[in-house]
>>> print(open('protein10.cif').read())   # mmCIF, C-alpha atoms and all ligand atoms
data_target
loop_
_atom_site.label_atom_id
_atom_site.label_comp_id
_atom_site.auth_asym_id
_atom_site.auth_seq_id
_atom_site.Cartn_x
_atom_site.Cartn_y
_atom_site.Cartn_z
CA MET A 1 140.22 -57.74 160.63
CA MET A 2 141.56 -54.22 160.24
CA LEU A 3 138.38 -52.59 161.52
CA LYS A 4 135.49 -54.16 163.36
CA ILE A 5 132.45 -52.18 164.46
CA ARG A 6 129.64 -53.71 166.48
CA ASP A 7 126.23 -52.38 167.37
CA LEU A 8 127.14 -48.71 167.12
CA GLN A 9 124.46 -46.33 168.38
CA LYS A 10 124.42 -42.57 168.15
CA THR A 11 121.61 -40.13 168.80
CA TYR A 12 121.58 -36.40 168.25
CA GLY A 13 118.94 -35.24 170.74
CA SER A 14 116.03 -37.52 169.96
CA TYR A 15 117.28 -38.31 166.45
CA HIS A 16 118.71 -41.79 165.98
CA ALA A 17 121.57 -41.29 163.50
CA LEU A 18 123.17 -44.72 164.03
CA ASN A 19 120.98 -47.65 164.81
CA GLY A 20 123.08 -50.69 165.66
CA LEU A 21 125.64 -50.36 162.90
CA ASP A 22 128.03 -53.27 162.26
CA MET A 23 130.99 -53.03 159.92
CA ASP A 24 133.97 -55.23 159.07
CA ILE A 25 136.88 -54.07 156.98
CA ARG A 26 139.51 -56.68 156.20
CA GLU A 27 143.16 -55.79 155.90
CA GLY A 28 144.07 -54.64 152.40
CA ALA A 29 140.48 -53.85 151.40
CA LEU A 30 139.41 -50.88 149.35
CA TYR A 31 136.08 -50.49 151.08
CA GLY A 32 133.29 -48.41 149.61
CA PHE A 33 130.92 -46.99 152.24
CA VAL A 34 127.76 -46.01 150.40
CA GLY A 35 124.49 -44.54 151.52
CA PRO A 36 122.05 -41.78 150.70
CA ASN A 37 122.48 -38.32 152.23
CA GLY A 38 121.82 -38.43 155.94
CA ALA A 39 122.28 -42.20 156.24
CA GLY A 40 124.98 -41.79 158.88
CA LYS A 41 128.25 -42.09 156.96
CA THR A 42 129.92 -38.99 158.36
CA THR A 43 128.72 -39.84 161.87
CA THR A 44 130.29 -43.31 161.57
CA ILE A 45 133.53 -41.89 160.20
CA LYS A 46 133.75 -39.28 162.94
CA ILE A 47 133.34 -41.99 165.57
CA MET A 48 136.00 -44.13 163.86
CA THR A 49 138.44 -41.26 163.79
CA GLY A 50 137.79 -40.31 167.41
CA LEU A 51 136.18 -36.95 166.63
CA LEU A 52 132.84 -37.96 168.06
CA ASN A 53 131.78 -40.31 170.87
CA ALA A 54 129.24 -43.05 170.24
CA ASP A 55 126.40 -43.67 172.73
CA SER A 56 127.24 -47.36 172.73
CA GLY A 57 128.89 -50.07 170.65
CA THR A 58 132.48 -51.04 169.94
CA VAL A 59 135.16 -50.04 167.45
CA GLU A 60 138.20 -52.29 167.13
CA ILE A 61 141.23 -51.47 165.05
CA ASP A 62 143.72 -54.28 164.51
CA GLY A 63 142.05 -56.09 167.39
CA LEU A 64 142.49 -53.17 169.81
CA ASP A 65 139.62 -51.31 171.45
CA ALA A 66 139.81 -47.92 169.76
CA MET A 67 137.41 -46.21 172.15
CA LYS A 68 139.47 -47.08 175.19
CA ARG A 69 142.77 -46.32 173.47
CA PRO A 70 142.37 -43.19 171.37
CA ARG A 71 146.12 -43.13 170.63
CA VAL A 72 145.63 -46.30 168.63
CA LEU A 73 143.22 -44.38 166.44
CA LYS A 74 145.58 -41.51 165.95
CA GLU A 75 148.53 -43.67 164.99
CA ARG A 76 146.79 -46.05 162.67
CA ILE A 77 144.24 -43.89 160.92
CA GLY A 78 144.76 -41.25 158.28
CA TYR A 79 141.67 -39.12 157.75
CA VAL A 80 140.71 -36.98 154.79
CA PRO A 81 137.63 -34.95 155.84
CA ASP A 82 134.97 -33.81 153.39
CA HIS A 83 135.88 -30.15 153.91
CA PHE A 84 139.29 -28.63 153.50
CA GLY A 85 140.40 -26.18 156.19
CA VAL A 86 141.62 -22.70 155.32
CA TYR A 87 145.35 -22.07 155.47
CA ASP A 88 145.80 -18.74 153.79
CA ASN A 89 149.43 -17.93 153.92
CA LEU A 90 151.04 -21.33 153.67
CA THR A 91 152.73 -22.86 150.68
CA VAL A 92 152.14 -26.51 149.90
CA SER A 93 155.44 -27.63 151.43
CA GLU A 94 155.00 -25.42 154.52
CA TYR A 95 151.55 -26.89 154.97
CA MET A 96 152.92 -30.43 154.79
CA GLU A 97 155.82 -29.69 157.10
CA PHE A 98 153.46 -28.18 159.63
CA PHE A 99 151.53 -31.44 159.79
CA ALA A 100 154.73 -33.48 159.83
CA ALA A 101 155.77 -31.49 162.90
CA CYS A 102 152.45 -32.40 164.52
CA TYR A 103 153.58 -36.00 164.26
CA GLY A 104 157.01 -35.24 165.66
CA MET A 105 158.90 -35.16 162.36
CA GLU A 106 161.41 -32.40 161.79
CA GLY A 107 164.29 -31.23 159.61
CA LEU A 108 165.49 -33.35 156.75
CA THR A 109 163.35 -36.36 157.68
CA ALA A 110 160.23 -34.22 157.54
CA ARG A 111 161.21 -32.57 154.25
CA ARG A 112 161.98 -35.92 152.63
CA ARG A 113 158.77 -37.47 153.84
CA CYS A 114 156.73 -34.51 152.59
CA ARG A 115 158.43 -34.52 149.20
CA THR A 116 157.82 -38.27 148.73
CA LEU A 117 154.15 -37.87 149.59
CA LEU A 118 153.68 -34.88 147.31
CA GLU A 119 155.22 -36.89 144.48
CA GLN A 120 152.95 -39.77 145.28
CA VAL A 121 149.82 -37.65 144.95
CA GLY A 122 151.18 -35.78 141.93
CA LEU A 123 151.74 -32.40 143.58
CA ASP A 124 155.53 -32.25 143.53
CA GLU A 125 155.53 -29.37 141.07
CA LYS A 126 153.28 -27.31 143.33
CA GLN A 127 155.51 -27.30 146.39
CA ASP A 128 155.96 -23.54 146.40
CA ALA A 129 152.42 -22.63 145.41
CA PHE A 130 150.11 -21.17 148.04
CA VAL A 131 147.55 -23.67 149.28
CA GLU A 132 144.75 -21.22 148.54
CA SER A 133 145.78 -21.01 144.90
CA LEU A 134 145.26 -24.73 144.31
CA SER A 135 142.28 -26.08 142.44
CA ARG A 136 139.75 -28.18 144.30
CA GLY A 137 141.22 -31.39 142.93
CA MET A 138 144.71 -30.37 143.98
CA LYS A 139 143.50 -29.46 147.46
CA GLN A 140 141.94 -32.88 147.68
CA ARG A 141 145.31 -34.44 146.78
CA LEU A 142 147.04 -32.29 149.36
CA GLY A 143 144.51 -33.46 151.97
CA LEU A 144 145.40 -37.01 150.99
CA ALA A 145 149.16 -36.39 151.27
CA ARG A 146 148.60 -34.81 154.67
CA ALA A 147 146.58 -37.81 155.90
CA LEU A 148 149.44 -40.11 154.91
CA ILE A 149 152.20 -38.30 156.82
CA HIS A 150 152.39 -40.74 159.74
CA ASP A 151 152.09 -43.75 157.43
CA PRO A 152 148.72 -44.95 158.78
CA SER A 153 147.56 -48.47 158.00
CA LEU A 154 143.94 -47.38 157.49
CA LEU A 155 143.07 -44.41 155.33
CA ILE A 156 139.57 -42.94 155.67
CA MET A 157 138.18 -40.54 153.11
CA ASP A 158 134.80 -38.87 153.47
CA GLU A 159 133.22 -38.12 150.08
CA PRO A 160 136.61 -37.30 148.53
CA THR A 161 135.39 -36.86 144.98
CA ILE A 162 132.52 -34.50 145.74
CA GLY A 163 132.75 -31.35 143.62
CA LEU A 164 135.48 -32.73 141.37
CA ASP A 165 135.07 -32.73 137.61
CA PRO A 166 134.95 -36.17 135.92
CA ARG A 167 138.56 -36.11 134.78
CA THR A 168 139.96 -35.07 138.16
CA ARG A 169 137.72 -37.65 139.74
CA LEU A 170 139.22 -40.39 137.56
CA GLU A 171 142.77 -39.28 138.36
CA PHE A 172 141.98 -39.18 142.05
CA ARG A 173 140.57 -42.69 141.89
CA GLU A 174 143.74 -43.87 140.19
CA THR A 175 145.81 -42.48 143.07
CA VAL A 176 143.53 -44.22 145.57
CA ARG A 177 143.92 -47.49 143.70
CA GLU A 178 147.71 -47.17 143.71
CA LEU A 179 147.76 -46.52 147.45
CA ASN A 180 145.64 -49.60 147.98
CA GLU A 181 147.98 -51.67 145.82
CA GLN A 182 150.87 -50.46 147.94
CA GLY A 183 149.17 -52.01 150.95
CA LYS A 184 146.96 -49.36 152.51
CA THR A 185 143.56 -50.43 153.73
CA ILE A 186 141.17 -47.74 152.53
CA LEU A 187 137.64 -46.70 153.39
CA ILE A 188 136.07 -44.27 150.98
CA SER A 189 132.54 -42.94 151.39
CA SER A 190 130.13 -41.67 148.79
CA HIS A 191 126.41 -41.21 148.29
CA LEU A 192 126.92 -42.36 144.70
CA LEU A 193 127.11 -46.08 144.25
CA ALA A 194 128.39 -45.73 140.70
CA ASP A 195 131.33 -43.76 142.06
CA LEU A 196 132.59 -46.73 144.02
CA SER A 197 131.35 -49.90 142.38
CA GLU A 198 134.24 -50.08 139.92
CA LEU A 199 136.92 -48.96 142.32
CA CYS A 200 136.25 -50.97 145.44
CA SER A 201 136.97 -54.55 146.48
CA ASP A 202 134.31 -54.46 149.20
CA ILE A 203 131.11 -52.51 149.69
CA GLY A 204 128.96 -51.62 152.67
CA ILE A 205 125.62 -49.96 152.09
CA ILE A 206 124.16 -47.96 154.98
CA GLU A 207 120.63 -46.71 155.29
CA SER A 208 119.03 -45.01 158.30
CA GLY A 209 122.04 -45.76 160.48
CA LYS A 210 122.14 -49.49 159.70
CA MET A 211 124.21 -51.61 157.36
CA ILE A 212 121.80 -53.14 154.87
CA LEU A 213 124.16 -54.87 152.46
CA THR A 214 127.79 -55.71 152.84
CA GLY A 215 130.33 -58.01 151.27
CA SER A 216 133.07 -58.34 148.71
CA MET A 217 132.30 -57.12 145.19
CA ASP A 218 132.28 -60.78 144.08
CA GLU A 219 129.64 -61.75 146.63
CA ILE A 220 127.59 -58.74 145.69
CA GLN A 221 127.96 -59.48 141.98
CA ASP A 222 126.50 -62.94 142.68
CA ARG A 223 123.66 -61.31 144.48
CA ILE A 224 123.13 -58.92 141.60
CA HIS A 225 122.97 -61.87 139.24
CA THR A 226 120.39 -63.53 141.43
CA SER A 227 118.28 -60.41 141.50
CA LYS A 228 117.84 -60.23 137.75
CA PRO A 229 115.02 -61.81 135.77
CA VAL A 230 115.44 -64.70 133.38
CA ILE A 231 114.05 -64.02 129.93
CA ILE A 232 112.65 -67.09 128.24
CA THR A 233 111.44 -67.15 124.67
CA VAL A 234 108.98 -69.97 124.10
CA GLN A 235 108.37 -71.14 120.56
CA GLU A 236 105.68 -73.70 121.40
CA ASN A 237 103.68 -74.75 124.45
CA MET A 238 103.38 -71.46 126.28
CA PRO A 239 100.68 -72.68 128.73
CA ALA A 240 102.92 -75.52 129.92
CA ALA A 241 105.83 -73.15 130.34
CA LEU A 242 103.71 -70.77 132.43
CA LYS A 243 102.37 -73.60 134.55
CA LEU A 244 105.87 -74.88 135.27
CA LEU A 245 107.15 -71.42 136.15
CA LYS A 246 104.16 -70.64 138.32
CA GLU A 247 104.78 -73.78 140.37
CA HIS A 248 108.53 -73.28 140.55
CA PRO A 249 109.63 -72.34 144.09
CA LEU A 250 112.33 -69.94 142.91
CA VAL A 251 110.15 -68.00 140.50
CA ARG A 252 108.64 -64.94 142.14
CA THR A 253 107.16 -62.92 139.32
CA ILE A 254 106.09 -63.62 135.76
CA THR A 255 105.42 -61.14 133.00
CA VAL A 256 104.51 -62.23 129.51
CA LYS A 257 104.77 -60.38 126.24
CA ASP A 258 104.07 -62.32 123.03
CA ARG A 259 106.37 -65.33 123.15
CA GLU A 260 108.62 -63.88 125.78
CA ILE A 261 108.40 -64.59 129.50
CA MET A 262 110.23 -62.48 132.00
CA ALA A 263 110.57 -64.46 135.21
CA GLY A 264 111.85 -62.96 138.46
CA PHE A 265 114.08 -65.85 139.43
CA GLN A 266 115.83 -66.16 142.77
CA GLY A 267 118.24 -68.92 141.84
CA ASP A 268 121.94 -68.84 141.10
CA ALA A 269 123.64 -69.79 137.83
CA ARG A 270 123.34 -73.51 138.52
CA GLN A 271 119.64 -73.34 139.38
CA GLU A 272 119.18 -71.29 136.24
CA GLY A 273 120.63 -74.18 134.21
CA GLU A 274 118.33 -76.60 136.00
CA LEU A 275 115.32 -74.45 135.19
CA LEU A 276 116.18 -74.59 131.50
CA ARG A 277 116.51 -78.37 131.69
CA GLN A 278 113.13 -78.68 133.43
CA LEU A 279 111.47 -76.60 130.73
CA ILE A 280 112.95 -78.75 127.99
CA GLU A 281 112.13 -82.00 129.77
CA ALA A 282 108.51 -80.81 130.08
CA GLY A 283 108.37 -80.75 126.30
CA ILE A 284 108.48 -76.98 125.95
CA LEU A 285 110.21 -75.70 122.84
CA VAL A 286 112.52 -73.03 124.27
CA ARG A 287 114.04 -70.75 121.69
CA GLY A 288 115.80 -68.30 123.96
CA PHE A 289 116.95 -68.36 127.57
CA MET A 290 119.06 -65.64 129.12
CA ARG A 291 119.55 -63.73 132.32
CA GLU A 292 119.35 -60.00 132.12
CA PRO A 293 122.69 -58.43 133.09
CA GLY A 294 122.40 -56.70 136.45
CA SER A 295 123.79 -53.63 138.08
CA LEU A 296 124.63 -52.73 141.63
CA GLU A 297 122.06 -49.93 141.41
CA ALA A 298 119.35 -52.50 140.73
CA VAL A 299 120.25 -54.42 143.89
CA PHE A 300 120.31 -51.23 145.86
CA MET A 301 116.85 -50.31 144.63
CA GLN A 302 115.63 -53.82 145.29
CA ILE A 303 116.83 -53.99 148.87
CA THR A 304 115.78 -50.50 149.75
CA SER A 305 112.28 -50.86 148.33
CA HIS A 306 111.75 -54.18 150.17
CA GLU A 307 110.61 -56.03 147.12
CA ASP A 308 110.40 -59.35 148.85
CA GLU A 309 106.79 -60.33 148.53
CA ARG A 310 105.71 -62.59 145.75
CA VAL A 311 104.04 -60.44 143.15
CA VAL A 312 100.72 -61.58 141.77
CA LEU A 313 101.16 -63.04 138.32
CA SER A 314 100.10 -60.48 135.80
CA TYR A 315 99.17 -63.15 133.28
CA GLU A 316 97.04 -65.21 135.67
CA ASP A 317 93.59 -63.89 134.73
CA GLU A 318 94.04 -64.03 131.00
CA SER A 319 95.67 -67.45 130.91
CA GLY A 320 93.20 -69.01 133.29
CA LEU A 321 96.01 -70.96 134.94
P1 LIG B 401 125.74 -36.91 153.84
O1 LIG B 401 125.97 -37.80 152.67
O2 LIG B 401 124.64 -35.93 153.63
O3 LIG B 401 126.99 -36.32 154.44
P2 LIG B 401 125.76 -38.85 155.98
O4 LIG B 401 125.40 -40.21 155.60
O5 LIG B 401 127.20 -38.53 156.15
O6 LIG B 401 125.09 -37.86 154.97
P3 LIG B 401 125.48 -37.91 158.68
O7 LIG B 401 126.18 -36.62 158.43
O8 LIG B 401 126.19 -38.95 159.45
O9 LIG B 401 124.97 -38.54 157.31
O10 LIG B 401 124.12 -37.56 159.39
C1 LIG B 401 123.17 -38.53 159.77
C2 LIG B 401 121.92 -37.84 160.31
O11 LIG B 401 122.20 -37.19 161.55
C3 LIG B 401 121.39 -36.75 159.38
O12 LIG B 401 119.99 -36.84 159.37
C4 LIG B 401 121.84 -35.47 160.03
O13 LIG B 401 120.92 -34.44 159.78
C5 LIG B 401 121.89 -35.81 161.50
N1 LIG B 401 122.97 -35.08 162.18
C6 LIG B 401 124.28 -35.09 161.88
N2 LIG B 401 124.99 -34.33 162.73
C7 LIG B 401 124.11 -33.77 163.58
C8 LIG B 401 124.21 -32.89 164.70
N3 LIG B 401 125.38 -32.41 165.10
N4 LIG B 401 123.07 -32.54 165.33
C9 LIG B 401 121.87 -33.04 164.94
N5 LIG B 401 121.69 -33.89 163.90
C10 LIG B 401 122.79 -34.25 163.23
#
>>> encode(input="protein10.cif", output="structure tokens", more="lines below")
Ligand code: ATP
Amino acid sequence: MMLKIRDLQKTYGSYHALNGLDMDIREGALYGFVGPNGAGKTTTIKIMTGLLNADSGTVEIDGLDAMKRPRVLKERIGYVPDHFGVYDNLTVSEYMEFFAACYGMEGLTARRRCRTLLEQVGLDEKQDAFVESLSRGMKQRLGLARALIHDPSLLIMDEPTIGLDPRTRLEFRETVRELNEQGKTILISSHLLADLSELCSDIGIIESGKMILTGSMDEIQDRIHTSKPVIITVQENMPAALKLLKEHPLVRTITVKDREIMAGFQGDARQEGELLRQLIEAGILVRGFMREPGSLEAVFMQITSHEDERVVLSYEDESGL
């Protein structure tokens, strides 16, 4: 595991910003850290990067205790903060060389390293421009190049696409994807799920200082599938269909409109197939059977609104079942 966080706690005065946060980032992951404003993303990132102390809990990087060995943090992490500092009178290459010097690189080695990184983030033509003259998107790229100077194995970016226009955002994402393909483990935070769901291989959703959903995109896609209703169109024998669904242990809600039943179904693809077979074997003439395509947003809404009680069947009174 590249990064392992256990039971992280942080209070600001009496305010509990982190409430037993756990996080695992595997090597090579492009990890999306998502949560609403104030959920505790920046606090977590600041603790990871050694800028803030936690009250309790552990942070391990490559199996080493990062809190006891802050040098480990410094060497292995590259950090792109959400705000860009002000460096008025520096050109892009002076800026980069300044940070290279901070990591002990000088002369030709430093210049070469800086040039390679600027090419990598698409800023090679801006080497002599003043940092202040760069657009927001370019500054963001420069921040990225700077964070990569010491060739860290884990790159952490706090809300990197905030304030960028859609096109710049897309280009930035492409750069992030390339870096990940070249072997960097990356954590990228956002309060917008849609921003990360296509980009990332893994997702962690934080709310009120706790991780509420985490896993690979594949695992989460399965979960999304499971969270969506099955829509069944019944040609004949509606009462039997409703009776079967009502008694089915995986069916949680039923809504009926004309010949169409929308069943909140908690089963996976296989159980879905079995449900169809049961309906047919019960002599119900099923004309249509499909699962509504799901989205990550829907899962997010579902888990954050705690929709886990069985909802009373809306059809119950009318059908007399
Ligand atoms: P955002 O998306 O808005 O940046 P976030 O998920 O990064 O949110 P944090 O910045 O970690 O959230 O903040 C978590 C909570 O802790 C917020 O309610 C915030 O107001 C509070 N908080 C953060 N820093 C401090 C501080 N220095 N003093 C007091 N409260 C703080």
>>> residues_near_point(input="protein10.cif", point="(155.9, -35.6, 156.4)", cutoff="6 Å", atoms="all atoms listed in the file", output="list in words")
Glu97, Ala100, Ala110, Arg113, Cys114 and Ile149 of chain A
>>> closest_atom_pairs(input="protein10.cif", of="chain A", to="ligand LIG 401 (chain B)", cutoff="7 Å", atoms="all atoms listed in the file", output="Markdown table")
| residue | atom | partner | partner_atom | distance |
| --- | --- | --- | --- | --- |
| A:Tyr12 | CA | B:LIG401 | C9 | 4.7 |
| A:Gly13 | CA | B:LIG401 | C9 | 6.9 |
| A:Tyr15 | CA | B:LIG401 | N5 | 6.7 |
| A:Ala17 | CA | B:LIG401 | O11 | 4.6 |
| A:Gly35 | CA | B:LIG401 | O4 | 6.0 |
| A:Pro36 | CA | B:LIG401 | O1 | 5.9 |
| A:Asn37 | CA | B:LIG401 | O2 | 3.5 |
| A:Gly38 | CA | B:LIG401 | O9 | 3.4 |
| A:Ala39 | CA | B:LIG401 | O4 | 3.8 |
| A:Gly40 | CA | B:LIG401 | O8 | 3.1 |
| A:Lys41 | CA | B:LIG401 | O4 | 3.7 |
| A:Thr42 | CA | B:LIG401 | O5 | 3.5 |
| A:Thr43 | CA | B:LIG401 | O8 | 3.6 |
| A:Thr44 | CA | B:LIG401 | O8 | 6.3 |
| A:Ser190 | CA | B:LIG401 | O1 | 6.9 |
| A:His191 | CA | B:LIG401 | O1 | 5.6 |
>>> residues_around(input="protein10.cif", residues="range 65-71 of chain A", least_positions_apart="4", cutoff="9 Å", atoms="all atoms listed in the file", output="MDAnalysis selection string")
chainID A and resid 47:50 53:54 58:61 75:76
>>> atom_distance(input="protein10.cif", atom1="CA of Ile280 in chain A", atom2="CA of Val230 in chain A")
15.3 Å
>>> residues_around(input="protein10.cif", residues="range 267-275 of chain A", least_positions_apart="2", cutoff="8 Å", atoms="only C-alpha atoms", output="mmCIF file with C-alpha atoms, in the frame of the given file")
data_model
loop_
_atom_site.group_PDB
_atom_site.id
_atom_site.type_symbol
_atom_site.label_atom_id
_atom_site.label_comp_id
_atom_site.auth_asym_id
_atom_site.auth_seq_id
_atom_site.Cartn_x
_atom_site.Cartn_y
_atom_site.Cartn_z
ATOM 1 C CA ASP A 222 126.500 -62.940 142.680
ATOM 2 C CA HIS A 225 122.970 -61.870 139.240
ATOM 3 C CA THR A 226 120.390 -63.530 141.430
ATOM 4 C CA LEU A 250 112.330 -69.940 142.910
ATOM 5 C CA PHE A 265 114.080 -65.850 139.430
ATOM 6 C CA ARG A 277 116.510 -78.370 131.690
ATOM 7 C CA GLN A 278 113.130 -78.680 133.430
ATOM 8 C CA LEU A 279 111.470 -76.600 130.730
#
>>> residues_near_point(input="protein10.cif", point="(139.0, -40.9, 157.2)", cutoff="10 Å", atoms="all atoms listed in the file", output="ChimeraX atom specification")
/A:42,45-46,48-49,77-82,144,147,154-160,186-189
>>> write_last_selection(input="protein10.cif", atoms="C-alpha atoms", output="PDB file, in the frame of the given file")
ATOM      1  CA  THR A  42     129.920 -38.990 158.360  1.00  0.00           C
ATOM      2  CA  ILE A  45     133.530 -41.890 160.200  1.00  0.00           C
ATOM      3  CA  LYS A  46     133.750 -39.280 162.940  1.00  0.00           C
ATOM      4  CA  MET A  48     136.000 -44.130 163.860  1.00  0.00           C
ATOM      5  CA  THR A  49     138.440 -41.260 163.790  1.00  0.00           C
ATOM      6  CA  ILE A  77     144.240 -43.890 160.920  1.00  0.00           C
ATOM      7  CA  GLY A  78     144.760 -41.250 158.280  1.00  0.00           C
ATOM      8  CA  TYR A  79     141.670 -39.120 157.750  1.00  0.00           C
ATOM      9  CA  VAL A  80     140.710 -36.980 154.790  1.00  0.00           C
ATOM     10  CA  PRO A  81     137.630 -34.950 155.840  1.00  0.00           C
ATOM     11  CA  ASP A  82     134.970 -33.810 153.390  1.00  0.00           C
ATOM     12  CA  LEU A 144     145.400 -37.010 150.990  1.00  0.00           C
ATOM     13  CA  ALA A 147     146.580 -37.810 155.900  1.00  0.00           C
ATOM     14  CA  LEU A 154     143.940 -47.380 157.490  1.00  0.00           C
ATOM     15  CA  LEU A 155     143.070 -44.410 155.330  1.00  0.00           C
ATOM     16  CA  ILE A 156     139.570 -42.940 155.670  1.00  0.00           C
ATOM     17  CA  MET A 157     138.180 -40.540 153.110  1.00  0.00           C
ATOM     18  CA  ASP A 158     134.800 -38.870 153.470  1.00  0.00           C
ATOM     19  CA  GLU A 159     133.220 -38.120 150.080  1.00  0.00           C
ATOM     20  CA  PRO A 160     136.610 -37.300 148.530  1.00  0.00           C
ATOM     21  CA  ILE A 186     141.170 -47.740 152.530  1.00  0.00           C
ATOM     22  CA  LEU A 187     137.640 -46.700 153.390  1.00  0.00           C
ATOM     23  CA  ILE A 188     136.070 -44.270 150.980  1.00  0.00           C
ATOM     24  CA  SER A 189     132.540 -42.940 151.390  1.00  0.00           C
TER      25      SER A 189
END
>>> atom_distance(input="protein10.cif", atom1="CA of Glu171 in chain A", atom2="CA of Leu118 in chain A")
14.8 Å
>>> residues_around(input="protein10.cif", residues="Thr168 in chain A", least_positions_apart="2", cutoff="12 Å", atoms="all atoms listed in the file", output="list of chain:residue names")
A:Gly122, A:Ser135, A:Arg136, A:Gly137, A:Met138, A:Lys139, A:Gln140, A:Arg141, A:Pro160, A:Thr161, A:Ile162, A:Gly163, A:Leu164, A:Asp165, A:Pro166, A:Leu170, A:Glu171, A:Phe172, A:Arg173, A:Glu174, A:Thr175
>>> atom_distance(input="protein10.cif", atom1="CA of Gly264 in chain A", atom2="CA of Ser227 in chain A")
7.6 Å
>>> residues_around(input="protein10.cif", residues="Lys10 in chain A", least_positions_apart="6", cutoff="8 Å", atoms="all atoms listed in the file", output="number ranges by chain")
A: 16-19, 54-56
>>> closest_residue(input="protein10.cif", among="A:Leu30, A:Leu117, A:Val92, A:Met2", to="Asp62 in chain A", atoms="all atoms listed in the file")
A:Met2
>>> residues_around(input="protein10.cif", residues="Ile261 in chain A", least_positions_apart="4", cutoff="6 Å", atoms="all atoms listed in the file", output="CSV table (one decimal) with C-alpha atoms, keeping the file's coordinate frame")
chain,number,residue,atom,x,y,z
A,231,ILE,CA,114.0,-64.0,129.9
A,232,ILE,CA,112.6,-67.1,128.2
A,255,THR,CA,105.4,-61.1,133.0
A,256,VAL,CA,104.5,-62.2,129.5
>>> closest_residue(input="protein10.cif", among="A:Ala282, A:Leu276, A:Ile206, A:Ile25", to="Gly63 in chain A", atoms="only C-alpha atoms")
A:Ile25
>>> closest_residue(input="protein10.cif", among="A:Pro229, A:Gly215, A:Gly28, A:Gly283", to="Asn180 in chain A", atoms="only C-alpha atoms")
A:Gly28
>>> closest_residue(input="protein10.cif", among="A:Ala263, A:Leu3, A:Met96, A:Ile212", to="Leu64 in chain A", atoms="only C-alpha atoms")
A:Leu3
>>> decode(input="protein10.cif", residues="range 160-164 of chain A", atoms="all heavy atoms", output="compact mmCIF listing (two decimals), in the first residue's frame")
# COMPACT_ATOMS: atom_id res chain seq x y z
N PRO A 160 -7.40 20.71 -7.81
CA PRO A 160 -6.57 21.36 -8.84
C PRO A 160 -7.36 22.00 -9.98
O PRO A 160 -6.84 22.89 -10.65
CB PRO A 160 -5.70 20.22 -9.37
CG PRO A 160 -6.48 18.99 -9.09
CD PRO A 160 -7.24 19.25 -7.85
N THR A 161 -8.58 21.58 -10.19
CA THR A 161 -9.28 22.12 -11.36
C THR A 161 -10.25 23.24 -11.00
O THR A 161 -10.99 23.73 -11.86
CB THR A 161 -10.03 21.01 -12.13
OG1 THR A 161 -10.93 20.39 -11.24
CG2 THR A 161 -9.05 20.00 -12.69
N ILE A 162 -10.23 23.65 -9.73
CA ILE A 162 -11.15 24.71 -9.32
C ILE A 162 -10.80 26.00 -10.07
O ILE A 162 -9.64 26.35 -10.24
CB ILE A 162 -11.09 24.88 -7.78
CG1 ILE A 162 -12.50 25.05 -7.23
CG2 ILE A 162 -10.21 26.02 -7.34
CD1 ILE A 162 -12.60 24.86 -5.75
N GLY A 163 -11.81 26.66 -10.58
CA GLY A 163 -11.60 27.93 -11.28
C GLY A 163 -11.07 27.80 -12.70
O GLY A 163 -10.79 28.80 -13.34
N LEU A 164 -10.91 26.58 -13.19
CA LEU A 164 -10.45 26.42 -14.57
C LEU A 164 -11.64 26.30 -15.51
O LEU A 164 -12.66 25.71 -15.15
CB LEU A 164 -9.58 25.16 -14.72
CG LEU A 164 -8.31 25.04 -13.88
CD1 LEU A 164 -7.53 23.80 -14.27
CD2 LEU A 164 -7.43 26.28 -14.03
